[in-house]
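Below is one structure, written out as structure tokens; comments come after it.
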Amino acid sequence: MIRSAAILYSSDAFVSEAQARLGRRVAGDSFLNGLLRHGGLEAIVGLMTHDREFPQFKADIAARAPGLEARAASYEAPQPLLDAGILFQPGPRLAGAAFWRRRLGNQRSFSICGITHTTSTERILDGLAEGLTAPVQPWDAIISTSRAGQNRVRRQLLEHGHYLQHALGATRIPMPMLPVIPLGIDCASFTRNPALGAGYRQALGIGHEDIAFILVGRLSMRTKLSPLPMYLALQRAAERRGRKLHLILPGKFDDDASRIVFTEGAKQACPDVTVHYVDGHDAEVYAKAWAAADVFTLPADNIQETFGLAPVEAMAAGLPVVVTDWDGFRDTVEHGVTGFRIPTIMGGNGGEISFRYQMGTDNHASFLRNVAQSTAMDIGAAADAYWRLAEDANLRRQMGEAGKARARRMYDWAAVIPQYLALWQEQARLRAKATEFAPLVKGRQPVPARPDPFMLFAEYPTHRLDPKQRVSLVPGASLERLQALAAIPGTIARGSLLPSLPAFRLMLDRLAQGSMTAAELGGLLPMDQRSRAAAGMVWMMKLGLITISPAEDAKPV
């Protein structure tokens with residue numbers, strides 16, 4: 001049973017309020033709410049880079065789950081995380097956490113669980129590849145939110161693993177678990193208010209017999225969709241004899257270029273469809289827009305899209321959906337039952353696109369647009385789907401009800417969080433018995449790419465501090481003098497690397513009685529301070545408070 005869990009916490013990953021409505025951020029915020037509500041946890045642990053972030057974490061958890069214990073862990077004080085045994089991080093890059101765990105000296109101390117959101121950035125592409133040369137263990141996992149996403153991750157790992165085998169003769173490639181667990185939502189929060197919708201339709205000039213489509217998401221040609229195919233399909237549907245069509249776009253344009261593409265594209269490609277651009281970042285307007293709609297559509301053609309929360313939200317709201325047959329939509333939307341999935345095709349010179357991105361000729365946005373340019377949906381099929389739903393109220397109602405039931409059964413956090421808990425339990429089981437990859441070797445660096453700098457740069461100084469070297473007090477040195485010098489700007493780079501003030505007092509008081517070896521002086525400190533003793537001695541010599549004489553058998557480097 002999972003009693004506590006640790007998350008790599010930051011407001012950028014788990015807090016969506018008062019920030020840009022990014023898919024990964026909304027998903028992270030919703031996940032944390034779902035975990036706290038349905039996880040049955042006795043405590044939640046936040047792993048943070050700095051102690052000063054803990055008050056924010058504690059306040060956030062208190063607001064979401066009053067009474068639940070919130071514990072802080074840091075890279076210097078990881079015990080609460082070790083007690084939990086699982087670290088969830090809101091991304092798929094495992095190498096950093098795996099190497100940190102290796103530094104701790106016990107690779108079975110906890111499991112790491114990452115998750116895919118976007119998988120097309122250089123950071124993610126490189127991070128997945130780095131994981132194959134990192135001490136990633138069989139008890140670690142990368143969650144994919146869709147089958148297509150899982151295949152994409154597995155394909156890159158296998159391709160890079162094949163390269164390592166043939167280029168370097170690698171015989172073992174570390175592979176994490178690659179489960180599929182969908183993103184979730186709070187279905188109850190997407191209940192629509194018919195009266196609110198009727199009033200908003202009237203305000204927008206949408207007649208009682210008119211049909212209103214809605215597209216929810218960033219209005220971005222770079223990261224979401226090329227709107228022209230959607231406009232062309234809507235225009236074809238509108239040209240058939242039938243109801244007046246409207247399209248509500250409650251979103252925010254990424255930039256002026258997207259604004260031009262969406263607005264001018266609509267004017268030229270679907271003149272018979274009335275398009276309403278409304279402020280989706282206004283919570284009241286957002287709720288009204290959902291309530292006013294008859295059909296949801298999102299014909300995404302961008303590889304930035306990995307799962308797609310919006311169609312699930314639309315199903316929870318009781319709307320039929322028309323989406324492209326694309327990535328996670330293939331899992332969430334049941335074709336012909338909860339809506340329609342429109343066939344897509346992809347093709348072109350992918351090698352050239354990849355090369356330009358690799359060499360920096362194209363940035364990430366250009367890379368995405370280049371791939372999207374070579375991705376198409378069947379406009380005729382989309383037009384038929386739009387027309388059928390516009391003309392058939394019974395079909396809209398049947399698909400809407402089927403979608404609502406599917407969302408509650410499969411995508412509410414009450415159904416999704418148990419899948420996380422089951423995964424974490426399986427990771428704990430494997431951690432106890434699976435064969436360890438790349439065990440620690442005594443005397444070798446735990447992180448060879450980031451070794452101990454005093455080992456790496458050993459030839460730079462005349463001497464390295466040796467336990468046998470003698471330490472002597474400089475006349476006039478005292479704790480008061482140390483504090484005065486420490487107050488000078490630039491004297492301390494990182495105080496947590498140095499002994500505490502009482503430890504410095506202990507060393508200075510003892511040295512006032514006579515010199516002693518570095519080993520003897522360090523041995524006087526409390527156990528929790530001894531690892532910092534050497535740094536404290538060198539720092540006191542840096543301030544002119546002590547001298548360190550080479551031992552008789554010490555040799556220059």
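Residue numbers start at 1 in each chain; chains themselves are named A, B, ... in the order of the structure tokens; ligands are numbered from 1 in the order shown.
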
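For range 169-302 of chain A, backbone-based DSSP labels the following residues as strand (DSSP E): Ile211, Ala212, Phe213, Ile214, Leu245, His246, Leu247, Ile248, Leu249, Pro250, Gly251, Thr274, Val275, His276, Tyr277, Val278, Asp279, Val295, Phe296, Thr297 and Leu298 of chain A.
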
Once you count only C-alpha atoms, what closest atom pair and distance in Å to one decimal does each residue of range 238-348 of chain A within 10 Å of range 147-171 of chain A have, with rows by chain and rising residue number, as CSV?
```
residue,atom,partner,partner_atom,distance
A:Glu305,CA,A:Gly149,CA,9.8
A:Thr306,CA,A:Gly149,CA,6.4
A:Phe307,CA,A:Gly149,CA,7.8
A:Trp326,CA,A:Ala148,CA,8.4
A:Asp327,CA,A:Ala148,CA,5.2
A:Gly328,CA,A:Ala148,CA,6.6
A:Phe329,CA,A:Ala148,CA,9.5
A:Arg330,CA,A:Ala148,CA,8.3
A:Asp331,CA,A:Arg147,CA,7.3
```

Could the residues in this selection be written to a file with N, CA, C and O atoms, as a compact mmCIF listing (two decimals), in the first residue's frame?
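And here's again-v8.txt as it stands now:
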```txt
# COMPACT_ATOMS: atom_id res chain seq x y z
N GLU A 305 1.22 17.92 -29.82
CA GLU A 305 0.08 17.32 -29.14
C GLU A 305 0.39 15.86 -28.86
O GLU A 305 0.73 15.11 -29.76
N THR A 306 0.29 15.44 -27.59
CA THR A 306 0.64 14.08 -27.22
C THR A 306 -0.57 13.28 -26.75
O THR A 306 -0.72 12.12 -27.11
N PHE A 307 -1.41 13.89 -25.95
CA PHE A 307 -2.60 13.20 -25.44
C PHE A 307 -3.86 13.94 -25.86
O PHE A 307 -4.71 13.38 -26.52
N TRP A 326 -5.43 10.94 -34.47
CA TRP A 326 -4.10 11.47 -34.18
C TRP A 326 -3.72 11.15 -32.74
O TRP A 326 -4.51 11.36 -31.83
N ASP A 327 -2.55 10.65 -32.52
CA ASP A 327 -1.95 10.37 -31.21
C ASP A 327 -2.97 9.90 -30.17
O ASP A 327 -3.64 8.89 -30.35
N GLY A 328 -3.09 10.63 -29.05
CA GLY A 328 -3.95 10.20 -27.96
C GLY A 328 -5.42 10.20 -28.29
O GLY A 328 -6.21 9.50 -27.63
N PHE A 329 -5.84 10.98 -29.31
CA PHE A 329 -7.25 10.99 -29.68
C PHE A 329 -7.72 9.59 -30.08
O PHE A 329 -8.89 9.24 -29.92
N ARG A 330 -6.77 8.80 -30.61
CA ARG A 330 -7.12 7.45 -31.04
C ARG A 330 -7.55 6.58 -29.85
O ARG A 330 -8.32 5.64 -30.00
N ASP A 331 -7.03 6.91 -28.67
CA ASP A 331 -7.41 6.17 -27.47
C ASP A 331 -8.68 6.72 -26.84
O ASP A 331 -9.51 5.97 -26.33
```

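CA of His117 in chain A is positioned 24.2 Å from CA of Ala428 in chain A.
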
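Among the candidates A:Ala63, A:Ser354, A:Leu423, A:Ser374, the one nearest to Ile142 in chain A when counting only C-alpha atoms is A:Leu423.
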
### Query
Can you tell me, as a PyMOL selection string, what residues are no more than 10 Å from Leu524 in chain A when counting only C-alpha atoms, ignoring any on the same chain fewer than 5 positions away?
chain A and resi 503+506-507+510+519+529-530+533

### Query
Got a sec to tell me which of range 169-267 of chain A DSSP assigns to helix (DSSP H, G or I), as a count of residues only?
40

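Proximity to Gly251 in chain A was assessed for A:Pro489, A:Gly197, A:Gly217, A:Pro229 counting only C-alpha atoms; the smallest distance is recorded for A:Gly217.
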
### Shell around Gly495 in chain A at 12 Å using only C-alpha atoms, local window under 4 positions removed, as a PyMOL selection string
chain A and resi 486-487+490-491+499-501+532+535-536+539

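Near Ala98 in chain A, within a cut-off of 10 Å and counting only C-alpha atoms, sit the residues Arg93, Leu94, Ala95, Arg101, Arg102, Arg103, Gln107, Phe110, Ser111, Ile112, Gly131, Ala134, Pro135, Val136, Gln137, Asp140 and Val447 of chain A, with same-chain residues fewer than 3 positions away left out.
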
Keeping N, CA, C and O atoms for every residue in the selection just given, could you write it to a file as an mmCIF file, in the first residue's frame?
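For reference, again-v2.cif as written:
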```cif
data_model
loop_
_atom_site.group_PDB
_atom_site.id
_atom_site.type_symbol
_atom_site.label_atom_id
_atom_site.label_comp_id
_atom_site.auth_asym_id
_atom_site.auth_seq_id
_atom_site.Cartn_x
_atom_site.Cartn_y
_atom_site.Cartn_z
ATOM 1 N N ARG A 93 12.449 12.742 -18.506
ATOM 2 C CA ARG A 93 13.913 12.649 -18.415
ATOM 3 C C ARG A 93 14.304 12.055 -17.056
ATOM 4 O O ARG A 93 14.142 12.698 -16.024
ATOM 5 N N LEU A 94 14.836 10.840 -17.055
ATOM 6 C CA LEU A 94 15.152 10.141 -15.814
ATOM 7 C C LEU A 94 16.622 10.239 -15.420
ATOM 8 O O LEU A 94 16.968 9.927 -14.274
ATOM 9 N N ALA A 95 17.504 10.640 -16.334
ATOM 10 C CA ALA A 95 18.944 10.543 -16.091
ATOM 11 C C ALA A 95 19.384 11.335 -14.859
ATOM 12 O O ALA A 95 20.163 10.843 -14.037
ATOM 13 N N ARG A 101 20.432 9.647 -7.393
ATOM 14 C CA ARG A 101 20.197 8.471 -6.552
ATOM 15 C C ARG A 101 21.494 7.661 -6.416
ATOM 16 O O ARG A 101 21.806 7.139 -5.339
ATOM 17 N N ARG A 102 22.265 7.568 -7.472
ATOM 18 C CA ARG A 102 23.534 6.830 -7.443
ATOM 19 C C ARG A 102 24.528 7.508 -6.502
ATOM 20 O O ARG A 102 25.285 6.843 -5.786
ATOM 21 N N ARG A 103 24.525 8.838 -6.485
ATOM 22 C CA ARG A 103 25.389 9.572 -5.552
ATOM 23 C C ARG A 103 25.051 9.242 -4.100
ATOM 24 O O ARG A 103 25.931 9.266 -3.227
ATOM 25 N N GLN A 107 21.153 2.492 -5.092
ATOM 26 C CA GLN A 107 20.277 2.652 -6.252
ATOM 27 C C GLN A 107 18.912 1.982 -6.065
ATOM 28 O O GLN A 107 18.035 2.136 -6.912
ATOM 29 N N PHE A 110 14.960 4.307 -3.949
ATOM 30 C CA PHE A 110 13.624 4.736 -4.381
ATOM 31 C C PHE A 110 13.484 4.485 -5.875
ATOM 32 O O PHE A 110 14.466 4.262 -6.591
ATOM 33 N N SER A 111 12.258 4.522 -6.343
ATOM 34 C CA SER A 111 11.962 4.389 -7.768
ATOM 35 C C SER A 111 11.650 5.767 -8.345
ATOM 36 O O SER A 111 11.173 6.653 -7.636
ATOM 37 N N ILE A 112 11.895 5.909 -9.632
ATOM 38 C CA ILE A 112 11.617 7.163 -10.338
ATOM 39 C C ILE A 112 10.491 6.903 -11.332
ATOM 40 O O ILE A 112 10.486 5.889 -12.026
ATOM 41 N N GLY A 131 19.130 8.860 -21.092
ATOM 42 C CA GLY A 131 18.684 7.843 -20.165
ATOM 43 C C GLY A 131 19.271 6.468 -20.449
ATOM 44 O O GLY A 131 19.355 5.627 -19.550
ATOM 45 N N ALA A 134 22.556 6.275 -18.611
ATOM 46 C CA ALA A 134 22.429 6.628 -17.189
ATOM 47 C C ALA A 134 22.072 5.377 -16.387
ATOM 48 O O ALA A 134 21.628 4.374 -16.952
ATOM 49 N N PRO A 135 22.243 5.417 -15.065
ATOM 50 C CA PRO A 135 21.894 4.255 -14.236
ATOM 51 C C PRO A 135 20.389 4.145 -13.991
ATOM 52 O O PRO A 135 19.917 4.057 -12.850
ATOM 53 N N VAL A 136 19.621 4.175 -15.088
ATOM 54 C CA VAL A 136 18.177 3.948 -14.998
ATOM 55 C C VAL A 136 17.964 2.467 -14.711
ATOM 56 O O VAL A 136 18.587 1.607 -15.335
ATOM 57 N N GLN A 137 17.094 2.169 -13.781
ATOM 58 C CA GLN A 137 16.921 0.806 -13.283
ATOM 59 C C GLN A 137 15.611 0.182 -13.781
ATOM 60 O O GLN A 137 14.702 0.888 -14.215
ATOM 61 N N ASP A 140 12.371 1.726 -12.541
ATOM 62 C CA ASP A 140 11.993 3.086 -12.923
ATOM 63 C C ASP A 140 10.990 3.016 -14.077
ATOM 64 O O ASP A 140 10.882 1.999 -14.762
ATOM 65 N N VAL A 447 29.156 9.355 -10.603
ATOM 66 C CA VAL A 447 28.661 10.073 -11.781
ATOM 67 C C VAL A 447 29.882 10.485 -12.605
ATOM 68 O O VAL A 447 30.429 11.573 -12.409
#
```

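Pairwise distance (CA of Ala84 in chain A, CA of Ile44 in chain A) equals 8.6 Å.
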
### Task
Do a neighbour search on Ser120 in chain A at 10 Å with only C-alpha atoms, toss out local chain neighbours closer than 3 positions, and write the hits as a ChimeraX atom specification.
/A:117,123-126,303-306,364,367-368

Within 12 Å of range 469-476 of chain A, which residues of range 395-465 of chain A show up? Give each one with its shortest atom-to-atom distance in Å (one decimal) and the two atoms involved, counting only C-alpha atoms, rows by chain then rising residue number, as a Markdown table.
```
| residue | atom | partner | partner_atom | distance |
| --- | --- | --- | --- | --- |
| A:His463 | CA | A:Gln469 | CA | 10.3 |
| A:Arg464 | CA | A:Gln469 | CA | 9.8 |
| A:Leu465 | CA | A:Gln469 | CA | 7.1 |
```

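Taking CA of Pro90 in chain A and CA of Thr116 in chain A as endpoints, the distance between them is 7.7 Å.
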
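Nearest-residue note for Ile248 in chain A: choosing from A:Glu284, A:Arg431, A:Ile206, A:Glu264, the minimum distance belongs to A:Ile206, counting only C-alpha atoms.
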
### Task
Have a look at A:Asp272, A:Glu401, A:Glu69, A:Asp378 and name the one nearest to Ala317 in chain A; count only C-alpha atoms.
A:Glu401

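All residues of protein, DNA or RNA that reach within 9 Å of His208 in chain A, judged by only C-alpha atoms and not counting those fewer than 6 positions away in the chain, are Ala198, Arg201 and Gln202 of chain A.
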